[in-house]
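Below is one structure, written out as structure tokens; comments come after it.
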Amino acid sequence: MADINAAFKAKMVQRKWAAMGVLFLAAVIFPMAPGVESWMASEATLIIMYIMAAQGVSILTGYTGLVTVGHGGFLAVGAYASALSTKYLGTDLITGMFVGAAMSAFVGWALGLVFLRLSGAFMAIGTLGFAFFVGTVVNNVPIFEGREGISLPKNHVIGFEIGDIGFYYTALAALGVTTLFVSLLVRSGVGRAFMALRDSEKAAEASGVNRVFYRTLAFSLSAAVTGVAGVLFAHYVNYVSSEVFADIWYSVDFLVATVVGGSAVLLGPFVGGLFVAFLPTFIELFVDQPGDLAFIIKGGALIFVLIVAPAGVVVGLVQLFRWLRGKLGGDTQ
Amino acid sequence: MRSFGEWESPVFGQLLISGLATGSLYALTAVAVVVVFRNTRTINLAQGDFSMIGAFVALVLIKSFAFNYYFALAGSVVFCIGLGILAERVVMRQIADSDWLTLFTATLGMYYILHGVAGHFWGRDTKAFPLTFDPTPINVFGGIISQGHVVNMAWAAAIGLVLFIFFKYTKQGIAMRAVTDDPETAALMGIPVRFIVLLTWGMAGFLAAFAGVLIAPIIYVSPEMMDEVLIKGYVAAVFGGLYSIPGAIIGALLIGICENLAGGYLGSHFKTVTAFAMIVLLLAFRPHGLFGIQKRREV
């Protein structure tokens, strides 16, 4: 006889894939829908990029349990790698994404090695230091052209020039790839190794999980995903400069996105990315000159979510759903 | 950062002394971070903003209510203690049993709120804080230092002494140490843990007020004024393993000195990075800080 919980979980999984399917369909149709203006597509692209960056963070923080306040550094690595490749080698956007991912993966792997023995709050501070370090490099090493920045030519994909809408679809496709990647990763032996390390490092090692290998791998993969987001950030405005990429607040925002959405949940980065990317625009819809009020609302919303749903919005909603089902006398299966 | 007495080219002794002065102000923030962390497992990102609000409160008391400096300082201290207690009761208490990432993110929320509140009431521009002490520099061990710096160091030292006495000889201090070491046993022994937690946050506010008001004349007062100081305070706290107060103080002084040296010899845009270079280097060799302890945990 099937275990009650397993049946319920299976149904939730079905629902989750259905939800994702609907989301992607909606996202594909979105720019073509009536009443949607071009700035909305731009905004949606921004949300997609934040979601992807948050996915990167979730690999390291949610699944491997290592808190990072420095993923903005990987964003920068990806962005600059692609920018330099586009400027000096004339590569297109897709190649740029591969270059950015590869470069970030390498830097991530190296960082994982340096921070091999850190955890908890110490890891947080170390990664923050990494973000600052990247910022300083980008500001002072001539090839990156610091504050003046590098202007990039119009985006093109395999020879075709693409505008804003084209960029939106490219970003969406990339998000599809990264989402698939994360979901496969979580299900795989590698993902299980990550989670074992998260739940109890000593026990994992005792069970044969190679700490050095999996830790650096986690860093590497996490960095790669955020690196791709970085490539998108760069080509979104066709410009990279240290003013943007040396800003450590991205790192904080990505972490917040992961925590708010749910760090070890597939849909988590989606909710979190939406929250962080869309909140400023959302506030502007209601208040004329948000300014400081935006800060207060952001902080308040963050605290509210943490009190009400400490494991993230997605998990909170699932629990709410279950509770409602119970109250209404429904079958929790 | 506008610094008194640094108008001529870098001289080692000069940089050393003023590094000690700024370091001792970082120390106030660093100690608060350590105390809050070891009693509540919370990295308080809002610590800097407590100081910032304290600086604004003092400024308002001086400018709009014509308080003299010392009454303004006292008023600020009282306000900030209240702010710390408010933070604990309204926010932190609701999530008291969560994991440290949740606690950390909650303090980030408070950070955003305080930024917004300060900006809303007092504006985002930077304001000068009236100088209370004669800016003419005096000579100390071959380095030139302003009286303001000397007074700051004196205050920091005095507070350090007060803390030392508190933790070693007072009932509340000893109780707090018990809660740090083992909250469960402390509770079983009859120590009111909740009250100690309240006291902890009040102490954070107390330290914050001094940190903010003392540093205000040096860095202009604005909502962002304490952002860098907070980060350096955090780094200094990590030096002490997030556990040891003397470690945090030493870390803070070291950071003050090293960043001054780096700023003087390499250029001022290397200042903040110095703190991070130091900590990343340290963590690579001592993952729990200089004086950190490795708690035994069951697998």
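In the structure tokens, the first chain shown is A, the next is B, and so on; residue numbers restart at 1 for each chain, and ligands run from 1 in the order shown.
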
- [ ] Can you pull out every residue within 10 Å of A:Asp164, counting only C-alpha atoms, but drop anything in the same chain fewer than 5 positions away, and send it as a list in words?
- [x] Ser38, Trp39, Ala41, Ser42, Thr45, Asn155, Tyr169, Thr170, Tyr236 and Val237 of chain A

Open item on the list: I'd like the contact shell of B:Leu83 - 8 Å cut-off, only C-alpha atoms, skipping same-chain residues fewer than 6 positions apart - returned as a ChimeraX atom specification.
Closed with: /B:50,202,205

Any chance you could tabulate, as JSON lines, the residues of chain B at most 8 Å from chain A with each one's nearest atom pair and distance in Å to one decimal, using only C-alpha atoms, in chain and rising number order?
```
{"residue": "B:Ile43", "atom": "CA", "partner": "A:Ala121", "partner_atom": "CA", "distance": 7.8}
{"residue": "B:Val91", "atom": "CA", "partner": "A:Ile303", "partner_atom": "CA", "distance": 7.4}
{"residue": "B:Gln94", "atom": "CA", "partner": "A:Ile307", "partner_atom": "CA", "distance": 6.3}
{"residue": "B:Ile95", "atom": "CA", "partner": "A:Ile307", "partner_atom": "CA", "distance": 5.9}
{"residue": "B:Ser98", "atom": "CA", "partner": "A:Pro310", "partner_atom": "CA", "distance": 7.5}
{"residue": "B:Leu101", "atom": "CA", "partner": "A:Val67", "partner_atom": "CA", "distance": 7.7}
{"residue": "B:Thr102", "atom": "CA", "partner": "A:Leu306", "partner_atom": "CA", "distance": 6.7}
{"residue": "B:Thr105", "atom": "CA", "partner": "A:Val256", "partner_atom": "CA", "distance": 7.0}
{"residue": "B:Ala106", "atom": "CA", "partner": "A:Ile303", "partner_atom": "CA", "distance": 5.4}
{"residue": "B:Leu108", "atom": "CA", "partner": "A:Gly299", "partner_atom": "CA", "distance": 7.2}
{"residue": "B:Gly109", "atom": "CA", "partner": "A:Gly299", "partner_atom": "CA", "distance": 3.8}
{"residue": "B:Met110", "atom": "CA", "partner": "A:Gly299", "partner_atom": "CA", "distance": 5.9}
{"residue": "B:Tyr111", "atom": "CA", "partner": "A:Gly299", "partner_atom": "CA", "distance": 7.2}
{"residue": "B:Tyr112", "atom": "CA", "partner": "A:Gly299", "partner_atom": "CA", "distance": 4.8}
{"residue": "B:Ile113", "atom": "CA", "partner": "A:Ile296", "partner_atom": "CA", "distance": 4.2}
{"residue": "B:Leu114", "atom": "CA", "partner": "A:Ile296", "partner_atom": "CA", "distance": 7.3}
{"residue": "B:His115", "atom": "CA", "partner": "A:Phe295", "partner_atom": "CA", "distance": 6.8}
{"residue": "B:Gly116", "atom": "CA", "partner": "A:Asp292", "partner_atom": "CA", "distance": 4.3}
{"residue": "B:Val117", "atom": "CA", "partner": "A:Ile296", "partner_atom": "CA", "distance": 6.8}
{"residue": "B:Gly119", "atom": "CA", "partner": "A:Asp292", "partner_atom": "CA", "distance": 5.8}
{"residue": "B:His120", "atom": "CA", "partner": "A:Asp292", "partner_atom": "CA", "distance": 5.6}
{"residue": "B:Val235", "atom": "CA", "partner": "A:Ile125", "partner_atom": "CA", "distance": 7.2}
{"residue": "B:Val238", "atom": "CA", "partner": "A:Phe122", "partner_atom": "CA", "distance": 7.1}
{"residue": "B:Phe270", "atom": "CA", "partner": "A:Thr136", "partner_atom": "CA", "distance": 7.9}
{"residue": "B:Val273", "atom": "CA", "partner": "A:Phe132", "partner_atom": "CA", "distance": 6.6}
{"residue": "B:Phe276", "atom": "CA", "partner": "A:Gly129", "partner_atom": "CA", "distance": 5.1}
{"residue": "B:Ala277", "atom": "CA", "partner": "A:Gly129", "partner_atom": "CA", "distance": 7.3}
{"residue": "B:Ile279", "atom": "CA", "partner": "A:Gly126", "partner_atom": "CA", "distance": 7.4}
{"residue": "B:Val280", "atom": "CA", "partner": "A:Gly126", "partner_atom": "CA", "distance": 5.8}
{"residue": "B:Leu283", "atom": "CA", "partner": "A:Leu118", "partner_atom": "CA", "distance": 7.4}
{"residue": "B:Ala284", "atom": "CA", "partner": "A:Val114", "partner_atom": "CA", "distance": 6.3}
{"residue": "B:Pro287", "atom": "CA", "partner": "A:Leu118", "partner_atom": "CA", "distance": 5.4}
{"residue": "B:His288", "atom": "CA", "partner": "A:Phe122", "partner_atom": "CA", "distance": 7.1}
{"residue": "B:Val299", "atom": "CA", "partner": "A:Ala203", "partner_atom": "CA", "distance": 6.1}
```

- [ ] Go through B:Glu88, B:Asp99, B:Asp49, B:Asp182 and flag the residue nearest B:Met225, using only C-alpha atoms for the distances.
- [x] B:Asp49

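Proximity ranking of A:Ile283, A:Pro153, A:Ser263, A:Lys16 relative to A:Val318 places A:Lys16 first, based on only C-alpha atoms.
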
Check stretch 94-298 of chain B with DSSP on the backbone and list each residue it calls strand (DSSP E or B), as a PDB file with N, CA and C atoms, in the first residue's frame.
```
ATOM      1  N   LYS B 127      25.610  65.653   6.074  1.00  0.00           N
ATOM      2  CA  LYS B 127      25.627  66.851   6.913  1.00  0.00           C
ATOM      3  C   LYS B 127      26.869  66.840   7.781  1.00  0.00           C
ATOM      4  N   ILE B 138      47.984  67.933  18.053  1.00  0.00           N
ATOM      5  CA  ILE B 138      49.023  67.916  19.073  1.00  0.00           C
ATOM      6  C   ILE B 138      50.006  66.816  18.737  1.00  0.00           C
ATOM      7  N   ASN B 139      51.169  66.904  19.293  1.00  0.00           N
ATOM      8  CA  ASN B 139      52.229  65.964  18.980  1.00  0.00           C
ATOM      9  C   ASN B 139      52.246  64.794  19.944  1.00  0.00           C
ATOM     10  N   VAL B 140      52.176  63.613  19.396  1.00  0.00           N
ATOM     11  CA  VAL B 140      52.226  62.419  20.250  1.00  0.00           C
ATOM     12  C   VAL B 140      53.225  61.443  19.642  1.00  0.00           C
ATOM     13  N   GLY B 143      54.039  61.590  16.029  1.00  0.00           N
ATOM     14  CA  GLY B 143      52.976  61.680  15.038  1.00  0.00           C
ATOM     15  C   GLY B 143      52.063  62.822  15.424  1.00  0.00           C
ATOM     16  N   ILE B 144      51.421  63.403  14.438  1.00  0.00           N
ATOM     17  CA  ILE B 144      50.509  64.497  14.742  1.00  0.00           C
ATOM     18  C   ILE B 144      49.103  63.945  14.802  1.00  0.00           C
ATOM     19  N   ILE B 145      48.412  64.275  15.838  1.00  0.00           N
ATOM     20  CA  ILE B 145      47.057  63.748  15.963  1.00  0.00           C
ATOM     21  C   ILE B 145      46.167  64.834  16.536  1.00  0.00           C
ATOM     22  N   VAL B 221      27.634  63.083   8.432  1.00  0.00           N
ATOM     23  CA  VAL B 221      26.449  62.330   8.823  1.00  0.00           C
ATOM     24  C   VAL B 221      25.513  62.165   7.633  1.00  0.00           C
TER      25      VAL B 221
END
```

- [ ] Grab the atom CA of B:Ile62 to atom CA of B:Glu224 distance for me, in Å with one decimal place.
- [x]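 Straight-line distance from atom CA of B:Ile62 to atom CA of B:Glu224 works out to 20.6 Å.
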
Task: Nearest candidate to A:Leu111 (options A:Thr258, A:Ser183, A:Asn238, A:Thr216; using only C-alpha atoms) - done: A:Thr216

TODO: Among the residues of stretch 139-228 of chain A, find those DSSP assigns to alpha helix (DSSP H) from the backbone and print them as an NGL selection string.
DONE: :A and (139-140 or 164-187 or 189-199 or 201-206 or 211-228)

Can you tell me which residues surround B:Val197 at a distance of at most 9 Å, considering only C-alpha atoms, apart from same-chain residues fewer than 3 positions away, and format the answer as a tab-separated table (two decimals) with N, CA and C atoms, in the first residue's frame?
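Okay, part_8.tsv is ready:
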```
chain	number	residue	atom	x	y	z
B	36	VAL	N	26.39	40.43	20.29
B	36	VAL	CA	25.08	39.99	19.81
B	36	VAL	C	25.19	38.59	19.20
B	39	ASN	N	25.63	35.69	21.86
B	39	ASN	CA	24.48	35.43	22.71
B	39	ASN	C	23.25	34.98	21.95
B	40	THR	N	23.16	35.37	20.67
B	40	THR	CA	21.92	35.07	19.94
B	40	THR	C	22.14	34.45	18.56
B	88	GLU	N	14.81	44.02	19.23
B	88	GLU	CA	14.71	42.67	19.78
B	88	GLU	C	13.25	42.26	19.96
B	176	MET	N	25.38	36.77	31.51
B	176	MET	CA	25.48	36.84	30.05
B	176	MET	C	26.52	35.87	29.54
B	179	VAL	N	25.05	32.48	29.45
B	179	VAL	CA	24.16	32.28	28.32
B	179	VAL	C	24.96	32.06	27.05
B	192	PRO	N	17.47	34.27	33.67
B	192	PRO	CA	16.39	34.66	32.75
B	192	PRO	C	16.95	34.95	31.36
B	193	VAL	N	16.98	33.93	30.53
B	193	VAL	CA	17.64	34.05	29.23
B	193	VAL	C	17.03	35.15	28.37
B	194	ARG	N	15.71	35.25	28.41
B	194	ARG	CA	15.06	36.27	27.58
B	194	ARG	C	15.51	37.67	27.99
B	200	THR	N	21.36	42.15	25.88
B	200	THR	CA	22.35	42.07	24.81
B	200	THR	C	22.06	43.11	23.74
B	201	TRP	N	20.81	43.15	23.31
B	201	TRP	CA	20.46	44.11	22.27
B	201	TRP	C	20.53	45.54	22.77
B	202	GLY	N	20.22	45.73	24.04
B	202	GLY	CA	20.36	47.05	24.63
B	202	GLY	C	21.83	47.48	24.62
```
